[in-house]
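Comments concern the structure below.
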Amino acid sequence: MTATPAAAFRATVAAAGFVLDVPVIGAVEAAGRVLAHWQDGAALRELPDGRWLLTLAEPAGTRADRAPGLPLRRAVGGALVAVGTESATGTPGTGSPAAGAPEPGPGHLVLTTAGRTAVHRIAGLAVLDPSGWLDPTGLTLHRPRPVGVTAEPTAEPVLEALPPRPQPDLRAAARVRPQSERARRLTEGDPAEALPGRSPRPRSGARAGRSGDVTPGVALFIVLASAVTVVALFIWLATGRGLHPAVLLVGLYVGLAVAVRRRRATAAGGPAGA
């Protein structure tokens, strides 16, 4: 049993789009209805007779008599068919294809106008952009702020360079009295300069009085003692007479040790006989 056209307009349908009769209701009213039923992925096109085709991305359940325009249902073949059109490919009540009409399928719109069924290719219709209808001049811009903050936050100054590293006074933090002059000299200079009664030693050049240095007098003594020892040894070997070489060697090294000790004592500032 086929439902009558009157029953179809009183039913609730899953509308895949609407056809708005702009020449009858006016462009302003039609634009308001389009914006009220707009959804993400929707599209708006204009039919050759001035009506608008609003296609939805997802079907919307609505009563046909309360819809913003003529509801469209998705047919089995994929075409959009207006409510009240009994046959998708022919004139109402005949079921035969209209003369010269293309075979309806995906991307086609089928609707009845003035008793005649027309098939439109949706991709060939002019596209309308609803974004041009919006006027944001009357809107107030509100910037989000942290919770509890009512005043505009002040901008922090931009640092062009890194701040200097703080140099804390650890002695003051530890409650230690300032460093004395003598302690400063001990930590920063030569310790000998801080000892009382001592004169500073030279820091550059050859030190004539450095401990362990051999002076020309000591060197001459060593040469003469060595020569005397060699001569005495030669005489003893040749004639069998003379001082025993061992005694000469012992005397030589004892004299050398005494000379070196006196030199070191003189360089250290102590008594010569120490």
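Every chain in the structure tokens has a letter given in the order shown (A, B, ...), and although residue numbers restart at 1 in each chain, ligands are simply numbered from 1 in the order shown.
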
**OP:** Pick out the residues sitting within 12 Å of A:Glu152, and hand them over as JSON, numbers by chain; count only C-alpha atoms, and ignore anything fewer than 6 positions along from it in its own chain.
**Re:** {"A": [142, 143, 144, 145, 146]}

**OP:** Give the alpha helix (DSSP H) residues of stretch 33-135 of chain A, as DSSP finds them on the backbone, and put them as an MDAnalysis selection string.
**Re:** chainID A and resid 33:36

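You will find atom CA of A:Leu141 at 20.1 Å from atom CA of A:Ala155.
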
Original post:
Can you tell me, as a PyMOL selection string, what residues are no more than 10 Å from A:Arg33 when counting only C-alpha atoms, ignoring any on the same chain fewer than 5 positions away?
Top reply: chain A and resi 20+27-28+38+67-69

Original post:
What does the distance between atom CA of A:Thr85 and atom CA of A:Pro130 come to in Å, to one decimal place?
Top reply: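 Interatomic distance, atom CA of A:Thr85 to atom CA of A:Pro130: 28.5 Å.
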
**OP:** Just the residues within 12 Å of A:Ala31, please, counting only C-alpha atoms, with nothing from its chain fewer than 4 positions along; format it as a PyMOL selection string.
**Re:** chain A and resi 20-22+25-27+35-38+44+51-54+68-69+128-134

**OP:** Please measure the separation of atom CA of A:His120 and atom CA of A:Arg45, giving the value in Å to one decimal.
**Re:** 11.6 Å

**OP:** Using DSSP on the backbone, list every residue of stretch 118-186 of chain A that comes out as strand (DSSP E or B), and give them as a PyMOL selection string.
**Re:** chain A and resi 118-121+126-128

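Nearest to A:Gly84 of all the residues A:Leu220, A:Val127, A:Val13, A:Ala225 is A:Val13, based on only C-alpha atoms.
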